[in-house]
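*Asks:* Supplied structure: data04.txt, compact mmCIF, C-alpha atoms.
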# COMPACT_ATOMS: atom_id res chain seq x y z
CA MET A 1 37.97 -6.93 -30.27
CA GLN A 2 34.66 -6.48 -28.43
CA SER A 3 35.06 -8.46 -25.22
CA LEU A 4 31.33 -8.72 -24.51
CA ALA A 5 30.09 -9.66 -27.99
CA GLY A 6 27.21 -12.10 -27.63
CA LYS A 7 26.43 -11.02 -24.06
CA VAL A 8 23.05 -9.64 -23.00
CA ALA A 9 22.83 -6.98 -20.30
CA LEU A 10 20.01 -5.24 -18.48
CA VAL A 11 20.81 -1.81 -17.07
CA THR A 12 17.98 -0.48 -14.95
CA GLY A 13 17.74 3.23 -14.31
CA GLY A 14 19.68 3.85 -17.49
CA SER A 15 18.24 7.21 -18.50
CA ARG A 16 21.19 9.21 -17.21
CA ALA A 17 24.20 9.46 -14.91
CA ALA A 18 25.93 6.22 -13.90
CA GLY A 19 23.25 4.05 -15.54
CA ARG A 20 23.79 5.71 -18.89
CA GLY A 21 27.57 5.54 -18.58
CA ILE A 22 27.40 1.84 -17.76
CA ALA A 23 24.96 1.02 -20.54
CA VAL A 24 27.06 2.81 -23.18
CA GLN A 25 30.32 1.23 -22.09
CA LEU A 26 28.77 -2.24 -22.11
CA GLY A 27 27.66 -1.45 -25.63
CA ALA A 28 31.15 -0.29 -26.55
CA ALA A 29 32.38 -3.71 -25.44
CA GLY A 30 29.89 -5.34 -27.84
CA ALA A 31 26.98 -6.25 -25.58
CA THR A 32 23.29 -6.10 -26.37
CA VAL A 33 21.94 -3.79 -23.68
CA TYR A 34 18.35 -3.43 -22.54
CA VAL A 35 18.06 -0.06 -20.86
CA THR A 36 15.04 0.73 -18.70
CA GLY A 37 13.58 3.67 -16.85
CA ARG A 38 10.59 5.97 -16.61
CA SER A 39 12.12 8.89 -18.51
CA THR A 40 11.10 8.51 -22.15
CA ARG A 41 10.50 10.74 -25.14
CA ALA A 42 6.81 10.27 -24.48
CA GLY A 43 6.99 11.67 -20.97
CA ARG A 44 9.22 12.49 -18.01
CA SER A 45 9.43 10.78 -14.65
CA GLU A 46 8.96 12.69 -11.41
CA MET A 47 12.65 13.64 -11.65
CA ASN A 48 11.59 15.93 -14.53
CA ARG A 49 14.90 15.60 -16.37
CA PRO A 50 15.29 15.75 -20.17
CA GLU A 51 17.45 12.63 -20.56
CA THR A 52 15.62 9.53 -21.84
CA ILE A 53 16.17 5.81 -22.24
CA GLU A 54 15.80 6.23 -26.00
CA ASP A 55 18.73 8.65 -25.98
CA THR A 56 20.79 6.09 -24.09
CA ALA A 57 19.89 3.32 -26.53
CA GLU A 58 21.08 5.48 -29.43
CA LEU A 59 24.36 6.14 -27.64
CA ILE A 60 24.80 2.39 -27.13
CA ASP A 61 24.32 1.81 -30.86
CA ALA A 62 26.79 4.57 -31.70
CA ALA A 63 29.34 2.98 -29.35
CA GLY A 64 29.17 -0.32 -31.23
CA GLY A 65 26.63 -2.31 -29.25
CA LYS A 66 22.91 -2.84 -29.60
CA GLY A 67 20.69 -0.68 -27.41
CA ILE A 68 17.08 -1.56 -26.68
CA ALA A 69 15.04 0.98 -24.70
CA VAL A 70 12.10 -0.39 -22.71
CA PRO A 71 9.93 1.89 -20.55
CA VAL A 72 9.57 0.19 -17.17
CA ASP A 73 8.49 1.33 -13.72
CA HIS A 74 10.45 -1.08 -11.54
CA LEU A 75 8.02 -0.58 -8.67
CA VAL A 76 5.36 -2.37 -10.74
CA PRO A 77 6.05 -6.13 -10.61
CA GLU A 78 4.01 -6.89 -13.71
CA GLN A 79 6.08 -4.51 -15.81
CA VAL A 80 9.33 -6.06 -14.61
CA ARG A 81 7.99 -9.58 -15.21
CA ASP A 82 7.02 -8.63 -18.76
CA LEU A 83 10.45 -7.09 -19.35
CA ILE A 84 12.25 -10.28 -18.36
CA ASP A 85 9.85 -12.38 -20.43
CA ARG A 86 10.69 -10.18 -23.40
CA ILE A 87 14.44 -10.53 -22.88
CA GLU A 88 14.13 -14.31 -22.68
CA ARG A 89 11.92 -14.40 -25.74
CA GLU A 90 14.18 -12.15 -27.82
CA GLN A 91 17.64 -13.17 -26.58
CA GLY A 92 17.25 -16.47 -24.76
CA ALA A 93 19.57 -15.39 -21.95
CA LEU A 94 20.60 -12.63 -19.56
CA HIS A 95 24.26 -12.44 -18.60
CA ILE A 96 24.61 -9.10 -16.81
CA LEU A 97 22.18 -7.29 -14.50
CA VAL A 98 22.97 -3.79 -13.28
CA ASN A 99 20.60 -2.60 -10.56
CA ASP A 100 21.11 1.17 -10.78
CA ILE A 101 17.62 2.45 -10.02
CA TRP A 102 17.44 5.50 -7.78
CA GLY A 103 14.86 7.92 -9.09
CA GLN A 104 14.75 10.49 -6.31
CA HIS A 105 13.59 13.94 -7.32
CA GLY A 106 15.25 16.87 -5.62
CA GLU A 107 17.92 16.70 -2.96
CA PRO A 108 17.63 14.49 0.14
CA GLU A 109 16.91 16.47 3.27
CA TRP A 110 20.50 16.69 4.36
CA ASP A 111 21.27 17.29 8.02
CA LYS A 112 17.72 16.61 9.18
CA THR A 113 16.77 13.91 11.66
CA VAL A 114 14.21 11.26 10.78
CA TRP A 115 11.58 13.15 12.79
CA GLU A 116 12.37 16.44 11.05
CA SER A 117 12.36 14.92 7.56
CA ASP A 118 9.31 14.70 5.33
CA LEU A 119 7.88 11.23 5.96
CA GLU A 120 6.17 10.82 2.60
CA GLY A 121 9.29 11.87 0.69
CA GLY A 122 11.50 9.63 2.81
CA LEU A 123 9.35 6.57 2.30
CA ARG A 124 9.21 7.27 -1.43
CA LEU A 125 13.00 7.38 -1.48
CA LEU A 126 13.13 3.94 0.19
CA GLN A 127 10.67 2.55 -2.34
CA LEU A 128 12.64 3.83 -5.30
CA GLY A 129 16.03 2.95 -3.89
CA ILE A 130 15.28 -0.46 -2.33
CA HIS A 131 12.00 -1.99 -3.47
CA THR A 132 12.90 -1.56 -7.13
CA HIS A 133 16.11 -3.54 -6.70
CA ALA A 134 14.33 -6.38 -4.92
CA ILE A 135 11.52 -6.59 -7.48
CA THR A 136 13.99 -6.59 -10.38
CA SER A 137 16.18 -9.28 -8.83
CA HIS A 138 13.12 -11.45 -8.12
CA TYR A 139 12.20 -11.61 -11.79
CA ALA A 140 15.59 -11.29 -13.48
CA LEU A 141 17.75 -13.75 -11.58
CA PRO A 142 15.95 -16.96 -12.63
CA LEU A 143 16.91 -16.09 -16.21
CA LEU A 144 20.41 -14.92 -15.34
CA ILE A 145 21.37 -18.16 -13.56
CA LYS A 146 20.45 -20.26 -16.58
CA SER A 147 23.78 -19.23 -18.14
CA PRO A 148 27.07 -19.90 -16.32
CA GLY A 149 29.07 -16.87 -15.23
CA GLY A 150 26.23 -14.41 -14.67
CA LEU A 151 27.06 -11.06 -13.09
CA VAL A 152 24.92 -8.83 -10.88
CA ILE A 153 26.09 -5.31 -10.07
CA GLU A 154 24.36 -3.47 -7.23
CA MET A 155 25.08 0.23 -7.60
CA THR A 156 25.43 2.39 -4.50
CA ASP A 157 27.17 5.50 -3.16
CA GLY A 158 30.23 4.77 -1.05
CA THR A 159 32.21 1.63 -0.36
CA ASN A 160 31.21 -0.65 2.49
CA GLU A 161 34.32 0.42 4.37
CA TYR A 162 33.47 4.11 4.08
CA ASN A 163 29.77 3.79 4.81
CA ALA A 164 30.36 1.60 7.86
CA ASP A 165 32.00 4.51 9.67
CA ASN A 166 30.30 7.54 8.12
CA TYR A 167 26.73 8.77 8.49
CA ARG A 168 25.57 9.80 5.03
CA VAL A 169 23.94 13.03 6.27
CA SER A 170 20.32 11.88 5.91
CA PHE A 171 18.44 9.04 7.64
CA TYR A 172 16.64 7.89 4.50
CA TYR A 173 19.65 8.23 2.21
CA ASP A 174 21.85 6.37 4.67
CA VAL A 175 19.32 3.55 5.06
CA ALA A 176 18.74 3.21 1.32
CA LYS A 177 22.42 2.92 0.50
CA GLY A 178 22.99 0.54 3.40
CA ALA A 179 20.18 -1.70 2.23
CA VAL A 180 21.61 -1.97 -1.28
CA SER A 181 24.96 -2.93 0.23
CA ARG A 182 23.30 -5.73 2.15
CA MET A 183 21.42 -6.82 -0.98
CA ALA A 184 24.72 -7.35 -2.79
CA PHE A 185 25.96 -9.39 0.17
CA ALA A 186 22.81 -11.53 0.33
CA LEU A 187 22.77 -12.11 -3.44
CA ALA A 188 26.40 -13.25 -3.30
CA HIS A 189 25.34 -16.09 -1.03
CA GLU A 190 22.26 -16.99 -3.03
CA LEU A 191 24.06 -16.94 -6.39
CA ASP A 192 27.20 -18.72 -5.25
CA LYS A 193 26.10 -22.24 -6.20
CA TYR A 194 24.96 -21.05 -9.63
CA ASP A 195 28.42 -19.88 -10.79
CA ALA A 196 27.16 -16.29 -10.66
CA THR A 197 28.67 -13.23 -9.03
CA SER A 198 27.23 -10.31 -7.06
CA VAL A 199 29.29 -7.14 -6.63
CA LEU A 200 28.60 -3.86 -4.84
CA LEU A 201 29.99 -1.00 -6.91
CA THR A 202 30.23 2.73 -6.31
CA PRO A 203 31.43 5.54 -8.56
CA GLY A 204 33.29 8.44 -7.03
CA TRP A 205 32.11 12.03 -7.24
CA LEU A 206 30.07 11.65 -10.39
CA ARG A 207 29.76 14.34 -13.04
CA SER A 208 26.14 13.48 -13.77
CA GLU A 209 24.01 15.66 -16.00
CA ALA A 210 22.28 17.14 -12.97
CA MET A 211 25.59 17.78 -11.18
CA LEU A 212 27.06 19.59 -14.18
CA GLU A 213 23.89 21.62 -14.59
CA GLY A 214 23.89 22.54 -10.92
CA PHE A 215 27.43 23.90 -11.21
CA GLY A 216 26.64 25.69 -14.47
CA VAL A 217 29.29 23.78 -16.43
CA THR A 218 29.49 21.06 -19.09
CA GLU A 219 31.66 17.99 -19.46
CA ASP A 220 33.99 20.07 -21.64
CA ASN A 221 34.65 22.77 -19.04
CA TRP A 222 33.85 20.97 -15.79
CA HIS A 223 37.15 22.11 -14.26
CA ASP A 224 35.60 25.57 -13.93
CA ALA A 225 33.40 24.20 -11.14
CA THR A 226 36.44 23.75 -8.91
CA GLU A 227 36.35 27.51 -8.38
CA GLN A 228 33.13 26.93 -6.40
CA ILE A 229 33.97 23.51 -4.92
CA PRO A 230 37.72 22.83 -5.05
CA HIS A 231 37.36 19.11 -4.21
CA PHE A 232 35.31 18.66 -7.39
CA ALA A 233 38.75 18.22 -8.95
CA ILE A 234 38.55 14.53 -8.04
CA SER A 235 35.27 14.04 -9.92
CA GLU A 236 34.79 11.50 -12.70
CA SER A 237 32.59 11.05 -15.75
CA PRO A 238 29.83 8.40 -15.85
CA SER A 239 31.91 6.55 -18.47
CA TYR A 240 34.49 5.74 -15.80
CA VAL A 241 32.19 3.55 -13.74
CA GLY A 242 30.84 2.21 -17.03
CA ARG A 243 34.30 0.98 -17.91
CA ALA A 244 34.53 -0.57 -14.45
CA VAL A 245 31.40 -2.64 -15.10
CA ALA A 246 32.62 -3.64 -18.57
CA ALA A 247 35.94 -4.75 -17.08
CA LEU A 248 34.22 -6.88 -14.45
CA ALA A 249 31.91 -8.42 -17.05
CA ALA A 250 34.85 -9.37 -19.27
CA ASP A 251 36.97 -10.84 -16.45
CA PRO A 252 37.05 -14.66 -16.69
CA ASP A 253 37.92 -14.71 -12.99
CA VAL A 254 35.14 -12.32 -11.90
CA ARG A 255 34.05 -14.81 -9.23
CA ARG A 256 36.82 -13.46 -7.01
CA TRP A 257 34.65 -10.38 -6.54
CA ASN A 258 31.60 -12.25 -5.27
CA GLY A 259 30.16 -10.46 -2.25
CA LYS A 260 32.76 -7.71 -2.30
CA SER A 261 32.46 -3.93 -2.34
CA THR A 262 34.59 -1.95 -4.75
CA SER A 263 34.80 1.36 -6.60
CA SER A 264 35.52 2.64 -10.08
CA GLY A 265 38.83 4.03 -8.80
CA GLU A 266 39.98 0.72 -7.34
CA LEU A 267 38.99 -1.26 -10.43
CA ALA A 268 40.75 1.22 -12.75
CA GLN A 269 44.04 0.42 -11.08
CA LEU A 270 43.47 -3.34 -11.27
CA TYR A 271 42.06 -3.53 -14.81
CA ASN A 272 44.18 -0.72 -16.26
CA PHE A 273 41.42 1.46 -17.71
CA THR A 274 41.05 5.24 -17.49
CA ASP A 275 38.40 7.89 -17.51
CA LEU A 276 37.72 9.70 -20.79
CA ASP A 277 40.49 12.21 -20.12
CA GLY A 278 43.10 9.50 -19.54
CA SER A 279 43.20 9.93 -15.75
CA ARG A 280 42.39 7.42 -13.00
CA PRO A 281 40.58 9.31 -10.23
CA ASP A 282 40.52 7.42 -6.94
CA ALA A 283 37.78 9.39 -5.24
CA TRP A 284 37.14 7.33 -2.13
CA ARG A 285 40.78 7.25 -1.10
CA TYR A 286 40.91 11.00 -1.78
CA ILE A 287 37.79 11.65 0.29
CA VAL A 288 39.24 9.78 3.27
CA GLU A 289 42.76 11.17 3.04
CA VAL A 290 42.19 14.71 1.75
CA GLN A 291 38.59 15.94 1.74
CA ASP A 292 37.25 14.62 5.07
CA PRO A 293 40.31 15.74 7.09
CA GLY A 294 39.80 19.26 5.69
CA LYS A 295 43.00 19.46 3.70
CA PRO A 296 43.28 21.79 0.68
CA ALA A 297 42.15 20.28 -2.61
CA ASP A 298 45.09 18.53 -4.25
CA THR A 299 44.62 15.54 -6.53
CA ALA A 300 48.32 14.75 -6.93
CA GLY A 301 48.62 11.00 -6.47
CA TYR A 302 44.85 10.51 -6.66
CA ARG A 303 44.17 10.77 -10.40
Mind converting the file's structure to structure tokens?
*Replies:*
Amino acid sequence: MQSLAGKVALVTGGSRAAGRGIAVQLGAAGATVYVTGRSTRAGRSEMNRPETIEDTAELIDAAGGKGIAVPVDHLVPEQVRDLIDRIEREQGALHILVNDIWGQHGEPEWDKTVWESDLEGGLRLLQLGIHTHAITSHYALPLLIKSPGGLVIEMTDGTNEYNADNYRVSFYYDVAKGAVSRMAFALAHELDKYDATSVLLTPGWLRSEAMLEGFGVTEDNWHDATEQIPHFAISESPSYVGRAVAALAADPDVRRWNGKSTSSGELAQLYNFTDLDGSRPDAWRYIVEVQDPGKPADTAGYR
């Protein structure tokens, strides 16, 4: 039985990586999923990656849902307004919003201070990682709160507990992820009286398309990358965090998560789902207990 049949979701930044995994798994649970981004078959975004929102929509259909690809630059308010107007016109409701926009091209300038970092690139990162979420919430939430039980997922990197004590190796990256965390907290307060829920969610070490490409492996032989980076053994597919979102969306008691920070690994234990290979990687516990202390890679007890 498809637990999300009749539900309408919007997954922003759904061209690839976690956004794609989430969109497809919501579709597998029966949802109608609007997937947005700037990477389309008509042209690439500044990330210059081959994955597109149209590809994601087709994967949603194949999984059993209904995928609708809509090109949107979430830094342009008018485009976001028109998107939400379209969803209301076509579906009459919005039940699930996943704010997964990131959009950075290239690597952050790791291990550089704010004064050593490129200012233009840093400010662009903040725009793509923060402004887009605020603009989308501004236009989407009035529709979402019209239906009881709405769910907003703010996607980030790292749990609140981890990020509170760990500098994320770049001023702009650290600030962007911290801001999204605070957005989830603020939205929890604003949505509380509308029977809606805001959750901060992080995947673990994600086997995104770019990550696999960088290691010279595929999803089928990703274990080979552990020869270069042994701790990559704890990594997870984008479908894993997708199943986490689907589990939250199907939980009749999802309100218990309002304002909380969680991870795909934690939710897998609670909702009894697995990654595609049948494992349950718990990356953030592994990072704290194995990787950060400098212990040899060993996933026993962590997946």
*Asks:* Extract, using all atoms listed in the file, all DNA, RNA and protein residues at most 12 Å from A:Glu107, discarding same-chain residues fewer than 4 positions from it, and format them as a PyMOL selection string.
*Replies:* chain A and resi 47+103+111+121-122+125+169-170+172-173+210-211+214
*Asks:* I'd like to know which of A:Gly129, A:Gly158, A:Pro142, A:Gly6 is closest to A:Asp100, using only C-alpha atoms.
*Replies:*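 The closest residue to A:Asp100 is A:Gly129.
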*Asks:* Measuring between all atoms listed in the file, which one of A:Arg38, A:Arg255, A:His131, A:His231 shows the shortest distance to A:Asp192?
*Replies:*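 Checking each candidate against A:Asp192, we get A:Arg255 as the closest.
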*Asks:* Residues near stretch 270-285 of chain A, anyone? I mean within 6 Å using only C-alpha atoms, not counting same-chain ones fewer than 6 positions away, as a list in words.
*Replies:*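 The residues that qualify are Gly204, Ile234, Tyr240, Tyr302 and Arg303 of chain A.
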*Asks:* Under the rule that only C-alpha atoms are counted, which of A:Gly13, A:Tyr286, A:Ala42, A:Leu75 is the nearest residue to A:Gly301?
*Replies:*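 Under the stated criterion, the closest residue is A:Tyr286.
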*Asks:* Near A:Ser263, within 6 Å and counting only C-alpha atoms, which residues show up once chain neighbours fewer than 3 positions away are dropped, as a short mmCIF file (atom, residue, chain, number, x, y, z; two decimals) with C-alpha atoms, in the coordinates of the input?
*Replies:*
data_model
loop_
_atom_site.label_atom_id
_atom_site.label_comp_id
_atom_site.auth_asym_id
_atom_site.auth_seq_id
_atom_site.Cartn_x
_atom_site.Cartn_y
_atom_site.Cartn_z
CA LEU A 201 29.99 -1.00 -6.91
CA THR A 202 30.23 2.73 -6.31
CA PRO A 203 31.43 5.54 -8.56
CA GLU A 266 39.98 0.72 -7.34
#
*Asks:* From the coordinates supplied, stretch 217-229 of chain A should be written with all heavy atoms, as a short mmCIF file (atom, residue, chain, number, x, y, z; two decimals), in the first residue's frame.
*Replies:*
data_model
loop_
_atom_site.label_atom_id
_atom_site.label_comp_id
_atom_site.auth_asym_id
_atom_site.auth_seq_id
_atom_site.Cartn_x
_atom_site.Cartn_y
_atom_site.Cartn_z
N VAL A 217 34.07 5.90 -9.06
CA VAL A 217 33.30 4.67 -8.87
C VAL A 217 31.84 4.92 -9.24
O VAL A 217 31.46 6.04 -9.57
CB VAL A 217 33.39 4.18 -7.40
CG1 VAL A 217 34.82 3.78 -7.05
CG2 VAL A 217 32.88 5.26 -6.43
N THR A 218 31.03 3.87 -9.17
CA THR A 218 29.60 3.98 -9.39
C THR A 218 28.89 3.45 -8.15
O THR A 218 29.52 2.93 -7.21
CB THR A 218 29.16 3.15 -10.61
OG1 THR A 218 29.34 1.76 -10.31
CG2 THR A 218 29.98 3.52 -11.84
N GLU A 219 27.57 3.53 -8.17
CA GLU A 219 26.81 2.98 -7.04
C GLU A 219 27.01 1.47 -6.94
O GLU A 219 26.93 0.91 -5.84
CB GLU A 219 25.32 3.33 -7.19
CG GLU A 219 24.44 2.87 -6.04
CD GLU A 219 24.82 3.47 -4.69
OE1 GLU A 219 25.39 4.58 -4.64
OE2 GLU A 219 24.53 2.82 -3.66
N ASP A 220 27.29 0.82 -8.03
CA ASP A 220 27.47 -0.63 -8.02
C ASP A 220 28.79 -1.08 -7.39
O ASP A 220 28.87 -2.15 -6.79
CB ASP A 220 27.36 -1.20 -9.44
CG ASP A 220 25.96 -1.09 -10.01
OD1 ASP A 220 25.00 -1.09 -9.22
OD2 ASP A 220 25.84 -0.97 -11.24
N ASN A 221 29.83 -0.24 -7.55
CA ASN A 221 31.13 -0.66 -7.01
C ASN A 221 31.71 0.38 -6.05
O ASN A 221 32.93 0.51 -5.92
CB ASN A 221 32.13 -0.93 -8.14
CG ASN A 221 32.55 0.34 -8.88
OD1 ASN A 221 31.83 1.34 -8.85
ND2 ASN A 221 33.68 0.31 -9.55
N TRP A 222 30.84 1.10 -5.35
CA TRP A 222 31.30 2.20 -4.51
C TRP A 222 32.28 1.74 -3.42
O TRP A 222 33.11 2.54 -2.95
CB TRP A 222 30.11 2.91 -3.87
CG TRP A 222 29.33 2.13 -2.85
CD1 TRP A 222 28.22 1.38 -3.06
CD2 TRP A 222 29.61 2.04 -1.45
NE1 TRP A 222 27.78 0.81 -1.88
CE2 TRP A 222 28.62 1.20 -0.87
CE3 TRP A 222 30.60 2.56 -0.61
CZ2 TRP A 222 28.59 0.89 0.50
CZ3 TRP A 222 30.57 2.24 0.76
CH2 TRP A 222 29.57 1.42 1.29
N HIS A 223 32.19 0.49 -3.02
CA HIS A 223 33.11 -0.02 -1.98
C HIS A 223 34.57 0.14 -2.41
O HIS A 223 35.45 0.22 -1.55
CB HIS A 223 32.81 -1.49 -1.68
CG HIS A 223 31.58 -1.70 -0.86
ND1 HIS A 223 31.55 -1.55 0.50
CD2 HIS A 223 30.31 -2.04 -1.23
CE1 HIS A 223 30.33 -1.80 0.96
NE2 HIS A 223 29.56 -2.10 -0.07
N ASP A 224 34.83 0.18 -3.70
CA ASP A 224 36.21 0.34 -4.17
C ASP A 224 36.82 1.66 -3.69
O ASP A 224 38.05 1.77 -3.57
CB ASP A 224 36.26 0.28 -5.70
CG ASP A 224 35.93 -1.11 -6.24
OD1 ASP A 224 35.86 -2.06 -5.44
OD2 ASP A 224 35.73 -1.23 -7.46
N ALA A 225 35.97 2.66 -3.43
CA ALA A 225 36.48 3.96 -2.99
C ALA A 225 37.07 3.91 -1.60
O ALA A 225 37.83 4.81 -1.21
CB ALA A 225 35.37 5.00 -3.05
N THR A 226 36.74 2.89 -0.83
CA THR A 226 37.30 2.79 0.52
C THR A 226 38.81 2.54 0.50
O THR A 226 39.48 2.73 1.51
CB THR A 226 36.61 1.68 1.32
OG1 THR A 226 36.79 0.42 0.66
CG2 THR A 226 35.11 1.96 1.45
N GLU A 227 39.33 2.13 -0.65
CA GLU A 227 40.78 1.99 -0.77
C GLU A 227 41.47 3.35 -0.71
O GLU A 227 42.61 3.46 -0.26
CB GLU A 227 41.13 1.27 -2.07
CG GLU A 227 40.59 -0.15 -2.16
CD GLU A 227 40.89 -0.80 -3.50
OE1 GLU A 227 41.64 -0.19 -4.30
OE2 GLU A 227 40.38 -1.91 -3.74
N GLN A 228 40.76 4.40 -1.16
CA GLN A 228 41.29 5.76 -1.09
C GLN A 228 40.93 6.41 0.24
O GLN A 228 41.79 7.03 0.89
CB GLN A 228 40.70 6.61 -2.22
CG GLN A 228 40.89 6.06 -3.62
CD GLN A 228 40.11 6.88 -4.64
OE1 GLN A 228 40.24 8.11 -4.72
NE2 GLN A 228 39.28 6.20 -5.43
N ILE A 229 39.67 6.28 0.64
CA ILE A 229 39.16 6.89 1.87
C ILE A 229 38.47 5.80 2.67
O ILE A 229 37.27 5.52 2.45
CB ILE A 229 38.17 8.03 1.56
CG1 ILE A 229 38.78 9.06 0.62
CG2 ILE A 229 37.71 8.70 2.86
CD1 ILE A 229 39.89 9.88 1.22
#
